[in-house]
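S.K.: My structure is below; once you've seen it, I'll send some questions.
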Amino acid sequence: MSDIHVVPARQGRAVALKAGQSIKIINTHGHQVVDTWAFNADDLGEFLSMEHMRAAIDRIRPMAGDKLVTNKRRPILTLVEDTSPGIHDTFIAACDIYRYQGLGVADYHDNCADNLRAGMAGLGLTPPEVPSPLNLWMNIPVKSDGAIGWEEPVSKPGDYVVLKAEMNCIVAMSACPQDIICINKGAPTDAHYEVLA
């Protein structure tokens, strides 16, 4: 049995996967958005890319069976399983200090961009940039007039996704610290992950 690891509320973690390994990311309490990135372990300049992925899958969010591609249009992860209703976001950039400043926060606020950097630093790595993440369980409906909404997740406690590595890669996760708007029901919580053989 593999060990289950915590992604503490408001923090980030990263893990190295070999091709063929999978990671199970768990929405432990049911309403936590987990910003998720993947980088080619041999070339951090190649990474999971939302804009390239949407073109590859012909949808705005991935479904089980989809191969998720990099900025070089190569598969880096496959979404193997998703027990949630499948509402994830591929449009919104990782929150950063500037996002919170725009929301009226004067002092430092934990954020996903810094959580990516901290998670990668835990492996002795520095991401060359902060790509747009796969925002697991983030509910950003696109309306018929092109407007977007900011809604609470529709996932439930214990929902999870399984992502299989298609190349040696680094997967980074942030338990999003957003507590100003409702995307985490206003209360960020821990998430968990498990590396599967």
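Following the order of the structure tokens, first chain is A, next is B, and so on, with residues numbered from 1 inside each chain and ligands from 1 in the order they appear.
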Could you list, with a cut-off of 10 Å and counting only C-alpha atoms, the residues of segment 99-120 of chain A near segment 31-45 of chain A, each shown with its nearest atom pair and the distance in Å rounded to one decimal, rows sorted by chain and ascending number, as a tab-separated table?
M.R.:
residue	atom	partner	partner_atom	distance
A:Cys112	CA	A:Asp35	CA	7.0
A:Ala113	CA	A:Asp35	CA	9.3
A:Asn115	CA	A:Asp35	CA	9.5
A:Leu116	CA	A:Trp37	CA	8.2
S.K.: When you look at Cys176 of chain A with a cut-off of 12 Å (counting only C-alpha atoms), what residues show up, excluding the ones that are within fewer than 5 positions of it in the same chain? I need them as number ranges by chain.
M.R.: A: 7-13, 27, 31-36, 93-96, 109-116, 133-138, 181-191
S.K.: Using C-alpha atoms, can you write the selected residues to a file as an mmCIF file, in the first residue's frame?
M.R.:
data_model
loop_
_atom_site.group_PDB
_atom_site.id
_atom_site.type_symbol
_atom_site.label_atom_id
_atom_site.label_comp_id
_atom_site.auth_asym_id
_atom_site.auth_seq_id
_atom_site.Cartn_x
_atom_site.Cartn_y
_atom_site.Cartn_z
ATOM 1 C CA VAL A 7 -0.882 18.938 0.657
ATOM 2 C CA PRO A 8 -1.516 21.273 3.589
ATOM 3 C CA ALA A 9 -4.137 23.977 3.216
ATOM 4 C CA ARG A 10 -2.639 27.050 1.510
ATOM 5 C CA GLN A 11 0.626 25.221 0.685
ATOM 6 C CA GLY A 12 2.259 23.410 -2.219
ATOM 7 C CA ARG A 13 3.978 20.091 -2.757
ATOM 8 C CA ASN A 27 -10.222 16.292 -2.623
ATOM 9 C CA HIS A 31 -14.440 21.752 -1.652
ATOM 10 C CA GLN A 32 -10.730 22.346 -2.178
ATOM 11 C CA VAL A 33 -9.339 23.480 -5.511
ATOM 12 C CA VAL A 34 -5.939 21.926 -6.259
ATOM 13 C CA ASP A 35 -3.869 23.811 -8.838
ATOM 14 C CA THR A 36 -1.864 21.125 -10.646
ATOM 15 C CA ALA A 93 -4.137 31.543 -14.037
ATOM 16 C CA ALA A 94 -2.677 30.542 -10.685
ATOM 17 C CA CYS A 95 -3.418 33.111 -8.000
ATOM 18 C CA ASP A 96 -0.442 35.291 -7.103
ATOM 19 C CA HIS A 109 -1.260 36.425 1.034
ATOM 20 C CA ASP A 110 -0.338 32.811 0.406
ATOM 21 C CA ASN A 111 -0.822 32.044 -3.287
ATOM 22 C CA CYS A 112 -0.571 29.224 -5.792
ATOM 23 C CA ALA A 113 2.261 30.750 -7.819
ATOM 24 C CA ASP A 114 4.500 30.871 -4.750
ATOM 25 C CA ASN A 115 3.256 27.411 -3.703
ATOM 26 C CA LEU A 116 4.443 26.021 -7.040
ATOM 27 C CA PRO A 133 -2.438 25.174 -14.052
ATOM 28 C CA LEU A 134 -5.036 22.474 -14.365
ATOM 29 C CA ASN A 135 -7.332 23.728 -11.603
ATOM 30 C CA LEU A 136 -8.804 20.505 -10.292
ATOM 31 C CA TRP A 137 -12.371 20.938 -8.988
ATOM 32 C CA MET A 138 -12.444 24.677 -9.700
ATOM 33 C CA ILE A 181 -14.001 34.632 -3.166
ATOM 34 C CA CYS A 182 -16.057 31.432 -2.956
ATOM 35 C CA ILE A 183 -14.067 28.967 -5.085
ATOM 36 C CA ASN A 184 -12.978 26.979 -1.992
ATOM 37 C CA LYS A 185 -16.239 27.817 -0.184
ATOM 38 C CA GLY A 186 -14.129 30.546 1.400
ATOM 39 C CA ALA A 187 -12.243 28.047 3.566
ATOM 40 C CA PRO A 188 -9.112 26.391 2.125
ATOM 41 C CA THR A 189 -8.430 22.902 3.469
ATOM 42 C CA ASP A 190 -5.859 20.132 3.175
ATOM 43 C CA ALA A 191 -5.825 17.858 0.159
#
S.K.: Quick one: everything within 7 Å of Gln21 of chain A, counting only C-alpha atoms, minus sequence neighbours fewer than 5 positions away in the same chain. Send it as an mmCIF file with N, CA and C atoms, in the first residue's frame.
M.R.:
data_model
loop_
_atom_site.group_PDB
_atom_site.id
_atom_site.type_symbol
_atom_site.label_atom_id
_atom_site.label_comp_id
_atom_site.auth_asym_id
_atom_site.auth_seq_id
_atom_site.Cartn_x
_atom_site.Cartn_y
_atom_site.Cartn_z
ATOM 1 N N LYS A 164 -1.825 9.480 -14.876
ATOM 2 C CA LYS A 164 -0.703 8.586 -15.188
ATOM 3 C C LYS A 164 0.367 9.348 -15.944
ATOM 4 N N ALA A 165 1.612 9.193 -15.508
ATOM 5 C CA ALA A 165 2.741 9.859 -16.163
ATOM 6 C C ALA A 165 3.054 9.171 -17.480
ATOM 7 N N LEU A 196 0.994 5.963 -7.066
ATOM 8 C CA LEU A 196 0.642 4.575 -7.344
ATOM 9 C C LEU A 196 1.705 3.961 -8.235
ATOM 10 N N ALA A 197 1.991 2.696 -8.032
ATOM 11 C CA ALA A 197 3.011 2.017 -8.828
ATOM 12 C C ALA A 197 2.582 1.921 -10.281
#
S.K.: When distances are computed from only C-alpha atoms, which of A:Gly119, A:Gly149, A:Pro127, A:Gly20 shows the smallest separation from Ala175 of chain A?
M.R.: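 Among A:Gly119, A:Gly149, A:Pro127, A:Gly20, it is A:Gly119 that comes nearest to Ala175 of chain A.
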S.K.: Where in segment 98-162 of chain A does DSSP assign helix (DSSP H, G or I), given as a PyMOL selection string?
M.R.: chain A and resi 98-102+112-121
S.K.: Could you go through segment 84-155 of chain A and tell me which residues DSSP, when run on the backbone, assigns to strand (DSSP E or B), listing them as a PyMOL selection string?
M.R.: chain A and resi 89+134-136+139+142+148+151
S.K.: Go ahead and save the residues from that selection, with N, CA, C and O atoms, as a PDB file, in the first residue's frame.
M.R.:
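The resulting part-v9.pdb:
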ATOM      1  N   ASP A  89     -11.185  23.454 -14.056  1.00  0.00           N
ATOM      2  CA  ASP A  89     -10.960  24.669 -14.848  1.00  0.00           C
ATOM      3  C   ASP A  89      -9.616  24.617 -15.553  1.00  0.00           C
ATOM      4  O   ASP A  89      -8.619  24.186 -14.974  1.00  0.00           O
ATOM      5  N   LEU A 134      -3.784  23.198 -14.329  1.00  0.00           N
ATOM      6  CA  LEU A 134      -5.036  22.474 -14.365  1.00  0.00           C
ATOM      7  C   LEU A 134      -5.645  22.640 -12.976  1.00  0.00           C
ATOM      8  O   LEU A 134      -5.129  22.098 -11.993  1.00  0.00           O
ATOM      9  N   ASN A 135      -6.714  23.406 -12.896  1.00  0.00           N
ATOM     10  CA  ASN A 135      -7.332  23.728 -11.603  1.00  0.00           C
ATOM     11  C   ASN A 135      -8.374  22.667 -11.267  1.00  0.00           C
ATOM     12  O   ASN A 135      -9.557  22.796 -11.613  1.00  0.00           O
ATOM     13  N   LEU A 136      -7.904  21.598 -10.619  1.00  0.00           N
ATOM     14  CA  LEU A 136      -8.804  20.505 -10.292  1.00  0.00           C
ATOM     15  C   LEU A 136      -9.917  20.989  -9.374  1.00  0.00           C
ATOM     16  O   LEU A 136      -9.667  21.671  -8.372  1.00  0.00           O
ATOM     17  N   ASN A 139     -14.659  25.530 -10.204  1.00  0.00           N
ATOM     18  CA  ASN A 139     -15.924  25.628 -10.932  1.00  0.00           C
ATOM     19  C   ASN A 139     -16.074  27.024 -11.522  1.00  0.00           C
ATOM     20  O   ASN A 139     -16.504  27.958 -10.847  1.00  0.00           O
ATOM     21  N   VAL A 142     -18.720  28.769 -17.990  1.00  0.00           N
ATOM     22  CA  VAL A 142     -18.681  29.687 -19.125  1.00  0.00           C
ATOM     23  C   VAL A 142     -20.113  29.858 -19.622  1.00  0.00           C
ATOM     24  O   VAL A 142     -20.780  28.892 -19.984  1.00  0.00           O
ATOM     25  N   ILE A 148     -17.807  34.531 -17.632  1.00  0.00           N
ATOM     26  CA  ILE A 148     -17.508  33.410 -16.735  1.00  0.00           C
ATOM     27  C   ILE A 148     -18.073  33.704 -15.353  1.00  0.00           C
ATOM     28  O   ILE A 148     -18.315  34.849 -14.991  1.00  0.00           O
ATOM     29  N   GLU A 151     -17.773  29.979  -8.981  1.00  0.00           N
ATOM     30  CA  GLU A 151     -18.717  29.201  -8.185  1.00  0.00           C
ATOM     31  C   GLU A 151     -17.980  28.235  -7.256  1.00  0.00           C
ATOM     32  O   GLU A 151     -16.800  27.948  -7.435  1.00  0.00           O
TER      33      GLU A 151
END
S.K.: What is the distance between atom CA of Ser49 of chain A and atom CA of Leu103 of chain A, in Å to one decimal?
M.R.: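 The value is 26.5 Å.
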S.K.: Between A:Lys143, A:Lys24, A:His5, A:Lys18, which has the minimum distance to Cys169 of chain A (counting only C-alpha atoms)?
M.R.: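 Among the listed residues, A:Lys18 lies closest to Cys169 of chain A.
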S.K.: Tell me which protein, DNA and RNA residues are within 10 Å of His52 of chain A, counting only C-alpha atoms, leaving out same-chain ones fewer than 3 positions away, and put them as a PyMOL selection string.
M.R.: chain A and resi 48-49+55-57+68-74
S.K.: Go through A:Thr126, A:Val105, A:Gly86, A:Ser132 one by one, measure the shortest atom-to-atom distance of each to Met50 of chain A using only C-alpha atoms, and give the residue with the smallest value.
M.R.: A:Ser132
S.K.: Find the residue from A:Glu129, A:Ile180, A:Leu77, A:Val15 that sits nearest to Arg99 of chain A; use only C-alpha atoms when measuring.
M.R.: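 Nearest to Arg99 of chain A: A:Ile180.
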S.K.: When you count only C-alpha atoms, which of these residues is closest to Thr78 of chain A: A:Met53, A:Ala121, A:Val130, A:Ile92?
M.R.: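 Checking each of A:Met53, A:Ala121, A:Val130, A:Ile92 against Thr78 of chain A, counting only C-alpha atoms, the winner is A:Met53.
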S.K.: What's around Ile25 of chain A at 9 Å? Count only C-alpha atoms, leave out sequence neighbours fewer than 3 positions away in its own chain, and write the answer as a list in words.
M.R.: Thr28, Val34, Asp159, Tyr160, Val161, Val162, Leu163, Met173, Ala191, His192, Tyr193, Glu194 and Val195 of chain A
S.K.: Using only C-alpha atoms, which residues sit within 10 Å of Asp107 of chain A once same-chain residues fewer than 4 positions away are excluded, as a VMD selection string?
M.R.: chain A and resid 97 100 to 101
